[in-house]
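Dropping data03.txt in here (compact mmCIF, C-alpha atoms and all ligand atoms):
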```txt
# COMPACT_ATOMS: atom_id res chain seq x y z
CA MET C 1 29.60 34.80 33.06
CA ASN C 2 30.62 31.26 32.51
CA HIS C 3 33.65 31.81 30.25
CA ASN C 4 36.29 29.78 31.97
CA ALA C 5 34.28 27.43 34.07
CA LEU C 6 35.61 25.98 37.29
CA ASP C 7 34.70 22.62 38.77
CA LEU C 8 33.04 23.98 41.83
CA SER C 9 31.60 27.16 43.33
CA ILE C 10 30.68 27.36 46.98
CA VAL C 11 28.03 30.01 47.65
CA VAL C 12 27.73 31.26 51.23
CA PRO C 13 25.06 33.77 52.30
CA CYS C 14 26.23 35.65 55.40
CA TYR C 15 24.38 38.07 57.57
CA ASN C 16 26.20 39.05 60.74
CA GLU C 17 28.28 35.92 61.08
CA GLU C 18 31.60 37.47 62.14
CA HIS C 19 32.47 34.69 64.59
CA SER C 20 31.99 31.81 62.19
CA LEU C 21 33.59 33.03 58.99
CA ARG C 22 37.24 32.22 59.65
CA GLU C 23 36.56 28.73 60.88
CA LEU C 24 34.17 28.18 58.00
CA TYR C 25 36.79 29.30 55.52
CA GLU C 26 39.42 27.04 57.01
CA ARG C 27 37.20 23.99 57.13
CA LEU C 28 35.91 24.58 53.60
CA SER C 29 39.45 25.02 52.25
CA ALA C 30 40.63 21.84 53.95
CA VAL C 31 37.75 19.82 52.53
CA LEU C 32 38.03 21.24 49.04
CA GLN C 33 41.77 20.81 48.84
CA SER C 34 41.38 17.18 49.84
CA ILE C 35 39.11 16.54 46.88
CA ALA C 36 41.47 18.56 44.68
CA ARG C 37 39.09 20.45 42.49
CA GLU C 38 39.39 23.90 41.06
CA TYR C 39 37.02 25.96 43.11
CA GLU C 40 35.92 29.40 44.24
CA LEU C 41 34.28 30.52 47.47
CA ILE C 42 31.66 33.21 46.95
CA PHE C 43 30.58 34.93 50.14
CA ILE C 44 27.56 37.18 49.95
CA ASP C 45 27.58 39.73 52.72
CA ASP C 46 23.90 40.45 53.03
CA GLY C 47 24.23 43.90 54.60
CA SER C 48 25.95 42.75 57.80
CA THR C 49 26.36 45.36 60.50
CA ASP C 50 29.16 43.52 62.33
CA TYR C 51 32.73 42.81 61.21
CA SER C 52 31.75 40.12 58.69
CA LEU C 53 32.82 42.20 55.70
CA ASP C 54 36.23 43.06 57.19
CA ILE C 55 36.91 39.41 57.85
CA LEU C 56 35.83 38.44 54.34
CA GLN C 57 38.03 41.16 52.83
CA ASP C 58 40.96 39.85 54.81
CA LEU C 59 40.32 36.32 53.53
CA HIS C 60 40.01 37.64 49.99
CA GLN C 61 43.34 39.44 50.25
CA ASN C 62 45.11 36.24 51.20
CA ASP C 63 43.30 33.86 48.89
CA SER C 64 42.12 34.90 45.44
CA ARG C 65 39.65 32.02 45.43
CA VAL C 66 37.63 33.94 48.01
CA LYS C 67 35.19 36.32 46.36
CA ILE C 68 32.79 38.71 47.99
CA ILE C 69 29.49 40.19 46.96
CA HIS C 70 28.59 43.00 49.32
CA PHE C 71 24.95 44.07 49.51
CA ARG C 72 23.98 47.66 50.24
CA LYS C 73 21.61 46.53 52.93
CA ASN C 74 20.03 43.34 54.18
CA PHE C 75 18.03 41.91 51.29
CA GLY C 76 17.50 38.39 52.57
CA LYS C 77 18.82 34.95 51.84
CA ALA C 78 16.94 34.49 48.55
CA GLN C 79 18.59 37.55 47.03
CA ALA C 80 21.94 36.50 48.44
CA LEU C 81 21.71 33.06 46.85
CA SER C 82 20.41 34.53 43.64
CA GLN C 83 23.40 36.89 43.28
CA GLY C 84 25.76 34.11 44.32
CA PHE C 85 24.37 31.87 41.58
CA LYS C 86 24.57 34.65 39.04
CA HIS C 87 28.25 35.32 39.65
CA SER C 88 29.46 31.78 40.15
CA ARG C 89 31.48 30.01 37.47
CA GLY C 90 31.44 26.44 38.74
CA LYS C 91 29.96 23.55 36.81
CA THR C 92 28.65 22.43 40.16
CA ILE C 93 27.43 24.88 42.77
CA VAL C 94 27.17 24.12 46.47
CA THR C 95 25.34 26.36 48.92
CA ILE C 96 26.12 26.27 52.61
CA ASP C 97 25.00 28.41 55.57
CA ALA C 98 27.68 30.58 57.14
CA ASP C 99 26.83 29.80 60.74
CA LEU C 100 28.65 26.43 60.92
CA GLN C 101 25.37 24.60 61.49
CA ASP C 102 26.01 22.82 58.20
CA PHE C 103 29.21 20.79 58.08
CA PRO C 104 31.62 21.57 55.21
CA GLU C 105 32.87 17.99 55.67
CA GLU C 106 29.61 16.75 54.13
CA ILE C 107 30.35 18.35 50.76
CA PRO C 108 32.26 15.38 49.27
CA ASN C 109 29.29 13.18 50.11
CA LEU C 110 26.91 15.52 48.30
CA LEU C 111 29.23 15.64 45.30
CA ALA C 112 29.44 11.85 45.23
CA TRP C 113 25.68 11.76 44.87
CA MET C 114 25.81 14.35 42.11
CA GLU C 115 28.06 11.94 40.21
CA GLU C 116 25.22 9.43 40.34
CA GLY C 117 23.40 11.63 37.86
CA PHE C 118 21.35 13.94 40.05
CA ASP C 119 20.89 17.57 39.01
CA LEU C 120 20.32 18.66 42.57
CA VAL C 121 21.19 17.00 45.85
CA SER C 122 19.67 18.43 48.99
CA GLY C 123 20.88 17.85 52.53
CA TRP C 124 18.50 16.33 55.04
CA LYS C 125 19.12 17.39 58.65
CA ARG C 126 17.63 14.24 60.11
CA ARG C 127 18.91 15.13 63.58
CA ARG C 128 18.33 18.83 63.73
CA GLU C 129 20.06 20.89 66.39
CA ASP C 130 17.59 23.72 66.75
CA PRO C 131 15.16 24.86 69.45
CA PHE C 132 12.03 22.71 69.86
CA GLY C 133 9.52 25.26 68.50
CA LYS C 134 11.54 25.71 65.36
CA ARG C 135 11.82 21.97 64.79
CA ILE C 136 8.06 21.55 65.08
CA ALA C 137 7.39 24.50 62.76
CA SER C 138 9.80 23.05 60.29
CA ARG C 139 8.16 19.59 60.49
CA ILE C 140 4.76 21.10 59.71
CA PHE C 141 6.18 23.17 56.90
CA ASN C 142 8.00 20.22 55.35
CA PHE C 143 4.97 17.98 55.62
CA PHE C 144 2.65 20.36 53.81
CA THR C 145 5.20 21.39 51.23
CA SER C 146 5.93 17.81 50.36
CA TRP C 147 2.22 17.01 50.24
CA PHE C 148 1.17 19.93 48.07
CA THR C 149 4.11 19.99 45.71
CA GLY C 150 4.36 16.23 45.42
CA VAL C 151 8.13 16.45 45.99
CA LYS C 152 9.16 13.62 48.26
CA ILE C 153 11.81 15.44 50.26
CA HIS C 154 11.96 15.54 54.05
CA ASP C 155 13.85 18.75 54.56
CA PHE C 156 13.22 21.67 52.24
CA ASN C 157 15.08 24.16 54.32
CA CYS C 158 18.57 22.71 54.46
CA GLY C 159 21.23 25.30 53.65
CA LEU C 160 23.51 22.63 52.28
CA LYS C 161 22.68 21.74 48.70
CA ALA C 162 24.53 20.91 45.51
CA TYR C 163 23.31 21.89 42.06
CA ARG C 164 24.33 21.42 38.52
CA ARG C 165 24.85 24.82 36.94
CA GLU C 166 21.87 24.36 34.60
CA VAL C 167 19.58 24.24 37.64
CA THR C 168 20.81 27.49 39.21
CA GLU C 169 20.61 29.25 35.88
CA GLU C 170 16.91 28.43 35.73
CA MET C 171 16.09 29.69 39.20
CA ASP C 172 14.42 33.05 39.66
CA LEU C 173 14.55 33.52 43.39
CA TYR C 174 12.83 36.23 45.38
CA GLY C 175 11.03 36.50 48.70
CA GLU C 176 11.74 33.24 50.46
CA LEU C 177 11.36 31.05 47.46
CA TYR C 178 14.80 29.53 47.97
CA ARG C 179 13.15 27.02 50.24
CA PHE C 180 11.27 25.64 47.29
CA ILE C 181 14.24 25.20 44.97
CA PRO C 182 13.82 21.40 44.96
CA ALA C 183 10.14 21.76 44.04
CA LEU C 184 10.83 24.36 41.37
CA ALA C 185 13.70 22.29 39.98
CA LEU C 186 11.64 19.14 39.82
CA TRP C 187 8.88 21.00 38.08
CA LYS C 188 11.35 22.12 35.42
CA GLY C 189 12.25 18.52 34.84
CA PHE C 190 15.47 18.23 36.86
CA ARG C 191 16.31 15.19 38.96
CA ALA C 192 16.54 15.89 42.69
CA GLY C 193 17.87 13.66 45.46
CA GLU C 194 18.34 13.92 49.19
CA VAL C 195 21.13 12.76 51.50
CA VAL C 196 21.29 12.77 55.27
CA VAL C 197 23.77 15.34 56.58
CA LYS C 198 25.09 16.26 60.00
CA HIS C 199 23.77 19.40 61.62
CA GLY C 200 25.11 21.30 64.59
CA PRO C 201 23.72 23.88 66.99
CA ARG C 202 24.35 27.53 66.27
CA ARG C 203 27.48 28.38 68.26
CA TYR C 204 27.78 32.10 67.57
CA GLY C 205 25.40 34.91 66.74
CA LYS C 206 21.69 34.37 66.55
CA SER C 207 19.26 32.86 64.09
CA LYS C 208 17.77 35.33 61.66
CA TYR C 209 14.50 33.46 61.53
CA GLY C 210 11.87 32.42 64.07
CA ILE C 211 8.55 30.68 63.96
CA GLU C 212 6.89 33.60 62.15
CA ARG C 213 8.63 32.20 59.11
CA LEU C 214 6.04 29.41 59.10
CA ILE C 215 3.28 31.85 58.20
CA ARG C 216 5.25 33.46 55.43
CA GLY C 217 6.17 29.97 54.34
CA PHE C 218 2.57 29.08 53.65
CA PHE C 219 2.08 32.09 51.44
CA ASP C 220 5.20 31.11 49.58
CA LEU C 221 3.82 27.62 49.26
CA LEU C 222 0.71 29.05 47.60
CA THR C 223 2.94 30.99 45.22
CA VAL C 224 4.88 27.88 44.38
CA ILE C 225 1.74 25.83 43.74
CA MET C 226 0.52 28.59 41.46
CA LEU C 227 3.91 28.83 39.75
CA THR C 228 4.46 25.15 39.25
CA LYS C 229 0.97 24.06 38.35
CA TYR C 230 -0.78 27.01 36.80
CA THR C 231 1.71 29.53 35.42
CA GLN C 232 0.93 28.50 31.90
CA LYS C 233 -2.79 28.03 32.47
CA PRO C 234 -4.18 30.36 35.13
CA LEU C 235 -7.65 29.87 33.69
CA HIS C 236 -7.56 26.22 34.71
CA PHE C 237 -7.12 27.23 38.32
CA PHE C 238 -9.46 30.22 38.55
CA GLY C 239 -11.87 28.82 36.00
CA SER C 240 -12.46 25.57 37.86
CA MET C 241 -12.89 27.40 41.15
CA GLY C 242 -15.27 29.84 39.47
CA ILE C 243 -17.36 27.11 37.89
CA LEU C 244 -17.54 25.26 41.21
CA LEU C 245 -18.74 28.38 43.07
CA SER C 246 -21.24 29.32 40.37
CA PHE C 247 -22.55 25.78 40.28
CA MET C 248 -23.08 25.77 44.04
CA GLY C 249 -24.91 29.11 43.74
CA PHE C 250 -26.98 27.81 40.87
CA CYS C 251 -28.06 24.73 42.87
CA ILE C 252 -29.06 26.89 45.83
CA ASP C 253 -31.05 29.27 43.67
CA ALA C 254 -32.65 26.41 41.70
CA TYR C 255 -33.82 24.95 44.97
CA LEU C 256 -35.28 28.32 45.99
CA ALA C 257 -36.97 28.62 42.60
CA ILE C 258 -38.73 25.31 43.21
CA VAL C 259 -39.79 26.55 46.64
CA TRP C 260 -41.11 29.76 45.04
CA PHE C 261 -43.06 27.89 42.36
CA SER C 262 -44.64 25.79 45.06
CA GLY C 263 -46.12 28.99 46.45
CA ALA C 264 -43.82 29.97 49.33
CA TYR C 265 -42.36 33.47 49.75
CA ILE C 266 -38.52 33.41 49.37
CA GLY C 267 -37.69 37.13 49.41
CA ASN C 268 -36.58 36.98 53.05
CA ARG C 269 -34.41 33.85 52.76
CA PRO C 270 -30.71 34.43 53.52
CA LEU C 271 -30.04 31.47 51.23
CA LEU C 272 -31.15 33.60 48.29
CA MET C 273 -28.41 36.07 49.01
CA LEU C 274 -25.83 33.28 49.34
CA GLY C 275 -26.83 31.61 46.10
CA THR C 276 -26.74 34.84 44.14
CA LEU C 277 -23.41 35.86 45.66
CA LEU C 278 -21.84 32.53 44.77
CA ILE C 279 -22.94 32.84 41.16
CA ILE C 280 -21.49 36.35 40.84
CA LEU C 281 -18.29 35.35 42.64
CA GLY C 282 -17.89 32.36 40.38
CA ILE C 283 -18.24 34.45 37.25
CA GLN C 284 -15.65 36.87 38.60
CA PHE C 285 -13.22 34.03 39.22
CA VAL C 286 -13.54 32.96 35.61
CA PHE C 287 -12.69 36.51 34.59
CA PHE C 288 -9.65 36.55 36.92
CA GLY C 289 -8.51 33.46 35.09
CA LEU C 290 -8.96 35.13 31.73
CA LEU C 291 -7.00 38.15 32.94
CA GLY C 292 -4.28 35.76 34.10
CA GLU C 293 -4.18 34.26 30.63
CA LEU C 294 -3.75 37.73 29.14
CA ILE C 295 -0.82 38.40 31.45
CA VAL C 296 0.86 35.11 30.62
CA PHE C 297 0.31 35.72 26.94
CA SER C 298 1.73 39.23 26.90
CA SER C 299 4.71 38.39 29.10
CA LYS C 300 5.72 35.70 26.64
CA LYS C 301 6.43 38.19 23.88
CA ASP C 302 10.03 39.29 23.73
CA ASN C 303 10.37 43.03 23.85
CA ASP C 304 13.23 43.49 21.41
CA HIS C 305 11.55 46.56 20.03
CA ILE C 306 12.62 48.59 23.09
CA VAL C 307 16.25 48.43 21.93
CA LYS C 308 17.03 51.23 19.51
CA ASP C 309 20.68 50.50 18.80
CA LYS C 310 23.34 48.02 19.79
CA TYR C 311 27.09 48.64 19.77
CA GLY C 312 29.53 45.75 19.85
CA ILE C 313 26.74 43.20 20.21
CA GLU C 314 25.99 40.79 17.41
N1 LIG N 1 21.14 34.87 56.03
C1 LIG N 1 21.32 35.85 55.05
N2 LIG N 1 20.44 36.89 55.02
C2 LIG N 1 19.39 36.99 55.89
C3 LIG N 1 19.20 35.96 56.83
C4 LIG N 1 20.09 34.92 56.87
O1 LIG N 1 22.25 35.79 54.26
O2 LIG N 1 18.63 37.97 55.79
C5 LIG N 1 22.11 33.75 56.08
C6 LIG N 1 22.69 33.52 57.46
O3 LIG N 1 23.84 34.30 57.66
C7 LIG N 1 23.01 32.05 57.41
C8 LIG N 1 21.90 31.47 56.55
O4 LIG N 1 21.39 32.55 55.79
O5 LIG N 1 24.26 31.80 56.80
C9 LIG N 1 20.80 30.81 57.36
O6 LIG N 1 20.32 31.72 58.33
P1 LIG N 1 20.03 31.28 59.84
O7 LIG N 1 21.13 30.42 60.33
O8 LIG N 1 19.71 32.50 60.62
O9 LIG N 1 18.72 30.39 59.66
P2 LIG N 1 18.36 29.07 60.51
O10 LIG N 1 19.54 28.14 60.42
O11 LIG N 1 18.12 29.53 61.89
O12 LIG N 1 17.15 28.52 59.80
MG MG N 2 21.44 28.47 60.96
```

Please rewrite the model in this file as structure tokens.
Amino acid sequence: MNHNALDLSIVVPCYNEEHSLRELYERLSAVLQSIAREYELIFIDDGSTDYSLDILQDLHQNDSRVKIIHFRKNFGKAQALSQGFKHSRGKTIVTIDADLQDFPEEIPNLLAWMEEGFDLVSGWKRRREDPFGKRIASRIFNFFTSWFTGVKIHDFNCGLKAYRREVTEEMDLYGELYRFIPALALWKGFRAGEVVVKHGPRRYGKSKYGIERLIRGFFDLLTVIMLTKYTQKPLHFFGSMGILLSFMGFCIDAYLAIVWFSGAYIGNRPLLMLGTLLIILGIQFVFFGLLGELIVFSSKKDNDHIVKDKYGIE
């Protein structure tokens, strides 16, 4: 993939952005030519149903630096970024939204920060030009994400980010995990920074996301916590929860045992049911953890044995 590396790849996920693409292309080209680097522009058409693809094809015909990845249908931004990363050749990779809400003119600033030794620099839309409900949802999301992941970043959801190639090569994106790239990168030992960037209102088309994204976001947050903290040791997570539950159940039942020895009848106490349930639940959690360990263990093995023959491969 990375045979003759370029300085810079710009990765742009687009889903029905026909009105923004030409202006975006022109502004990106102007900025990139001014910093005189060898670059490519990779547009991922994420199953658009408008004229986005035609416009991109036209740009590609006139400028070989424009490349297009066309999806069969709409697969979402995570898949778009993932394919963009996979096919990019730049030593540095910049992602930017196609809707002109991110300013291409901020790219040199991001790159300047990369030179300071960061592996990833994320934009921070301090003044965000979005509807009120969305800004609040995003505040809540950012607060919890920062709290739970321990990543001190204000804005996880900025489309404008710069990465060193090593970072994108490590990212396995699916669902909406792209919003956690800084957390995942930090967990893998990369250095992440944040710079304030300008943000504009959406001028054309409509946003593909609403507040419902907040709910999905929390599930993704759970996934990320699991991935970053417990992938290697699921038993630590399930095991400690299991022991805690069993211990609570044990205390309840021990108390009831004392009551029983002192002569009272406990057969009709709801607490008995609770205590016993907690013990059983706790034991099951420990077994979930052990199953998790089995999965981690077996997925670690390489499965070279499935290859019967190779031709032309060392
Ligand atoms: N996008 C995409 N696939 C999707 C949804 C969005 O490629 O399924 C692109 C979209 O074209 C835009 C970027 O992801 O370039 C961010 O989307 P949007 O502007 O709708 O999100 P918002 O800025 O409202 O959070
Ligand atoms: Mg947008």

Contacts of Thr231 (chain C) within 8 Å, all atoms listed in the file, excl. fewer than 4 positions in-chain, as a PyMOL selection string: chain C and resi 226-227+296

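We find CA of Leu177 (chain C) and CA of Leu21 (chain C) to be spaced 25.1 Å apart.
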
Cut-off 9 Å around (8.5, 18.4, 55.7) with all atoms listed in the file: residues as a PyMOL selection string: chain C and resi 138-147+152-157

Val224 (chain C) environment, 9 Å, all atoms listed in the file, sequence neighbours closer than 2 positions dropped, as a PyMOL selection string: chain C and resi 149+177+180+183-184+219-222+226-229

Protein/DNA/RNA residues near (29.3, 36.4, 51.1), cut 7 Å, all atoms listed in the file, as a VMD selection string: chain C and resid 12 to 14 42 to 45 68 to 70

Could you give me, as CSV, a per-residue list for chain C showing, wherever an atom lies at most 7 Å from an atom of ligand MG 2 (chain N), the closest pair of atoms and their distance in Å to one decimal, using only C-alpha atoms and all ligand atoms and sorting by chain then residue number from low to high?
```
residue,atom,partner,partner_atom,distance
C:Asp97,CA,N:MG2,MG,6.5
C:Asp99,CA,N:MG2,MG,5.6
C:Gln101,CA,N:MG2,MG,5.5
C:Arg202,CA,N:MG2,MG,6.1
C:Ser207,CA,N:MG2,MG,5.8
```

Using all atoms listed in the file, which residues of the polymer chains come no farther than 10 Å from ligand LIG 1 (chain N)? I'd like the answer as a PDB file with C-alpha atoms, in the coordinates of the input.
```pdb
ATOM      1  CA  VAL C  12      27.730  31.260  51.230  1.00  0.00           C
ATOM      2  CA  PRO C  13      25.060  33.770  52.300  1.00  0.00           C
ATOM      3  CA  CYS C  14      26.230  35.650  55.400  1.00  0.00           C
ATOM      4  CA  TYR C  15      24.380  38.070  57.570  1.00  0.00           C
ATOM      5  CA  ASN C  16      26.200  39.050  60.740  1.00  0.00           C
ATOM      6  CA  GLU C  17      28.280  35.920  61.080  1.00  0.00           C
ATOM      7  CA  GLU C  18      31.600  37.470  62.140  1.00  0.00           C
ATOM      8  CA  SER C  20      31.990  31.810  62.190  1.00  0.00           C
ATOM      9  CA  LEU C  21      33.590  33.030  58.990  1.00  0.00           C
ATOM     10  CA  PHE C  43      30.580  34.930  50.140  1.00  0.00           C
ATOM     11  CA  ILE C  44      27.560  37.180  49.950  1.00  0.00           C
ATOM     12  CA  ASP C  45      27.580  39.730  52.720  1.00  0.00           C
ATOM     13  CA  ASP C  46      23.900  40.450  53.030  1.00  0.00           C
ATOM     14  CA  GLY C  47      24.230  43.900  54.600  1.00  0.00           C
ATOM     15  CA  SER C  48      25.950  42.750  57.800  1.00  0.00           C
ATOM     16  CA  SER C  52      31.750  40.120  58.690  1.00  0.00           C
ATOM     17  CA  PHE C  71      24.950  44.070  49.510  1.00  0.00           C
ATOM     18  CA  LYS C  73      21.610  46.530  52.930  1.00  0.00           C
ATOM     19  CA  ASN C  74      20.030  43.340  54.180  1.00  0.00           C
ATOM     20  CA  PHE C  75      18.030  41.910  51.290  1.00  0.00           C
ATOM     21  CA  GLY C  76      17.500  38.390  52.570  1.00  0.00           C
ATOM     22  CA  LYS C  77      18.820  34.950  51.840  1.00  0.00           C
ATOM     23  CA  ALA C  78      16.940  34.490  48.550  1.00  0.00           C
ATOM     24  CA  GLN C  79      18.590  37.550  47.030  1.00  0.00           C
ATOM     25  CA  ALA C  80      21.940  36.500  48.440  1.00  0.00           C
ATOM     26  CA  LEU C  81      21.710  33.060  46.850  1.00  0.00           C
ATOM     27  CA  THR C  95      25.340  26.360  48.920  1.00  0.00           C
ATOM     28  CA  ILE C  96      26.120  26.270  52.610  1.00  0.00           C
ATOM     29  CA  ASP C  97      25.000  28.410  55.570  1.00  0.00           C
ATOM     30  CA  ALA C  98      27.680  30.580  57.140  1.00  0.00           C
ATOM     31  CA  ASP C  99      26.830  29.800  60.740  1.00  0.00           C
ATOM     32  CA  LEU C 100      28.650  26.430  60.920  1.00  0.00           C
ATOM     33  CA  GLN C 101      25.370  24.600  61.490  1.00  0.00           C
ATOM     34  CA  ASP C 102      26.010  22.820  58.200  1.00  0.00           C
ATOM     35  CA  ARG C 128      18.330  18.830  63.730  1.00  0.00           C
ATOM     36  CA  GLU C 129      20.060  20.890  66.390  1.00  0.00           C
ATOM     37  CA  ASP C 130      17.590  23.720  66.750  1.00  0.00           C
ATOM     38  CA  PRO C 131      15.160  24.860  69.450  1.00  0.00           C
ATOM     39  CA  LYS C 134      11.540  25.710  65.360  1.00  0.00           C
ATOM     40  CA  ARG C 135      11.820  21.970  64.790  1.00  0.00           C
ATOM     41  CA  SER C 138       9.800  23.050  60.290  1.00  0.00           C
ATOM     42  CA  ASN C 157      15.080  24.160  54.320  1.00  0.00           C
ATOM     43  CA  CYS C 158      18.570  22.710  54.460  1.00  0.00           C
ATOM     44  CA  GLY C 159      21.230  25.300  53.650  1.00  0.00           C
ATOM     45  CA  LEU C 160      23.510  22.630  52.280  1.00  0.00           C
ATOM     46  CA  GLU C 176      11.740  33.240  50.460  1.00  0.00           C
ATOM     47  CA  HIS C 199      23.770  19.400  61.620  1.00  0.00           C
ATOM     48  CA  GLY C 200      25.110  21.300  64.590  1.00  0.00           C
ATOM     49  CA  PRO C 201      23.720  23.880  66.990  1.00  0.00           C
ATOM     50  CA  ARG C 202      24.350  27.530  66.270  1.00  0.00           C
ATOM     51  CA  TYR C 204      27.780  32.100  67.570  1.00  0.00           C
ATOM     52  CA  GLY C 205      25.400  34.910  66.740  1.00  0.00           C
ATOM     53  CA  LYS C 206      21.690  34.370  66.550  1.00  0.00           C
ATOM     54  CA  SER C 207      19.260  32.860  64.090  1.00  0.00           C
ATOM     55  CA  LYS C 208      17.770  35.330  61.660  1.00  0.00           C
ATOM     56  CA  TYR C 209      14.500  33.460  61.530  1.00  0.00           C
ATOM     57  CA  GLY C 210      11.870  32.420  64.070  1.00  0.00           C
ATOM     58  CA  ILE C 211       8.550  30.680  63.960  1.00  0.00           C
ATOM     59  CA  ARG C 213       8.630  32.200  59.110  1.00  0.00           C
TER      60      ARG C 213
END
```

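We find CA of Leu278 (chain C) and CA of Tyr230 (chain C) to be spaced 23.2 Å apart.
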
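Proximity ranking of C:Gly150, C:Gly275, C:Gly84, C:Gly189 relative to Val167 (chain C) places C:Gly189 first, based on all atoms listed in the file.
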
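Atom pair CA of Ser299 (chain C) / CA of Arg179 (chain C) has a distance of 25.4 Å (rounded to one decimal).
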
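If you measure from each of C:Ala192, C:Ile35, C:Leu294, C:Ala30 to Val151 (chain C) using only C-alpha atoms, the closest one turns out to be C:Ala192.
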
For Gly90 (chain C): contacts at 7 Å, all atoms listed in the file, fewer than 6 positions along chain excluded, given as a count of residues only: 5

Nearest-residue call for Ala162 (chain C), choices C:Leu214, C:Met114, C:Val196, C:Leu235, using only C-alpha atoms: C:Met114

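In this comparison, which uses all atoms listed in the file, the residue of C:Leu41, C:Val31, C:Val11, C:Ala36 approaching Gln83 (chain C) most closely is C:Val11.
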
Write out as a short mmCIF file (atom, residue, chain, number, x, y, z; two decimals) with C-alpha atoms, in the frame of the given file which residues come within 12 Å of Glu116 (chain C) when counting all atoms listed in the file, dropping same-chain ones fewer than 5 positions away.
```
data_model
loop_
_atom_site.label_atom_id
_atom_site.label_comp_id
_atom_site.auth_asym_id
_atom_site.auth_seq_id
_atom_site.Cartn_x
_atom_site.Cartn_y
_atom_site.Cartn_z
CA ASN C 109 29.29 13.18 50.11
CA LEU C 110 26.91 15.52 48.30
CA LEU C 111 29.23 15.64 45.30
CA VAL C 121 21.19 17.00 45.85
CA ARG C 191 16.31 15.19 38.96
CA ALA C 192 16.54 15.89 42.69
CA GLY C 193 17.87 13.66 45.46
#
```

Nearest residue to Ser88 (chain C) from the set C:Arg27, C:His60, C:Arg216, C:Arg165 (distances using all atoms listed in the file): C:Arg165

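By chain and then residue number, the residues within 12 Å of Ser246 (chain C) are Phe238, Gly239, Ser240, Met241, Gly242, Phe250, Cys251, Ile252, Asp253, Ala254, Leu274, Gly275, Thr276, Leu277, Leu278, Ile279, Ile280, Leu281, Gly282, Ile283, Gln284, Phe285 and Val286 of chain C, counting only C-alpha atoms and disregarding those fewer than 4 positions away in sequence.
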
Starting from the sparse input, extend region 92-96 of chain C to all heavy atoms and give the output as a CSV table (one decimal), in the frame of the given file.
```csv
chain,number,residue,atom,x,y,z
C,92,THR,N,29.5,22.8,39.1
C,92,THR,CA,28.6,22.4,40.2
C,92,THR,C,28.7,23.6,41.2
C,92,THR,O,29.7,24.2,41.4
C,92,THR,CB,29.2,21.1,40.8
C,92,THR,OG1,29.3,20.1,39.8
C,92,THR,CG2,28.3,20.7,41.9
C,93,ILE,N,27.5,23.8,41.8
C,93,ILE,CA,27.4,24.9,42.8
C,93,ILE,C,26.9,24.3,44.1
C,93,ILE,O,25.9,23.6,44.1
C,93,ILE,CB,26.5,26.0,42.2
C,93,ILE,CG1,27.2,26.7,41.0
C,93,ILE,CG2,26.2,27.0,43.3
C,93,ILE,CD1,26.3,27.2,40.0
C,94,VAL,N,27.6,24.6,45.2
C,94,VAL,CA,27.2,24.1,46.5
C,94,VAL,C,26.8,25.3,47.3
C,94,VAL,O,27.6,26.3,47.4
C,94,VAL,CB,28.3,23.3,47.1
C,94,VAL,CG1,27.9,23.0,48.6
C,94,VAL,CG2,28.5,22.0,46.4
C,95,THR,N,25.7,25.3,48.0
C,95,THR,CA,25.3,26.4,48.9
C,95,THR,C,25.5,25.8,50.3
C,95,THR,O,25.2,24.6,50.6
C,95,THR,CB,23.9,26.8,48.8
C,95,THR,OG1,23.0,25.7,49.0
C,95,THR,CG2,23.6,27.4,47.4
C,96,ILE,N,26.0,26.7,51.2
C,96,ILE,CA,26.1,26.3,52.6
C,96,ILE,C,25.9,27.5,53.5
C,96,ILE,O,26.2,28.6,53.1
C,96,ILE,CB,27.5,25.6,52.8
C,96,ILE,CG1,27.7,25.1,54.3
C,96,ILE,CG2,28.6,26.6,52.5
C,96,ILE,CD1,28.9,24.2,54.4
```
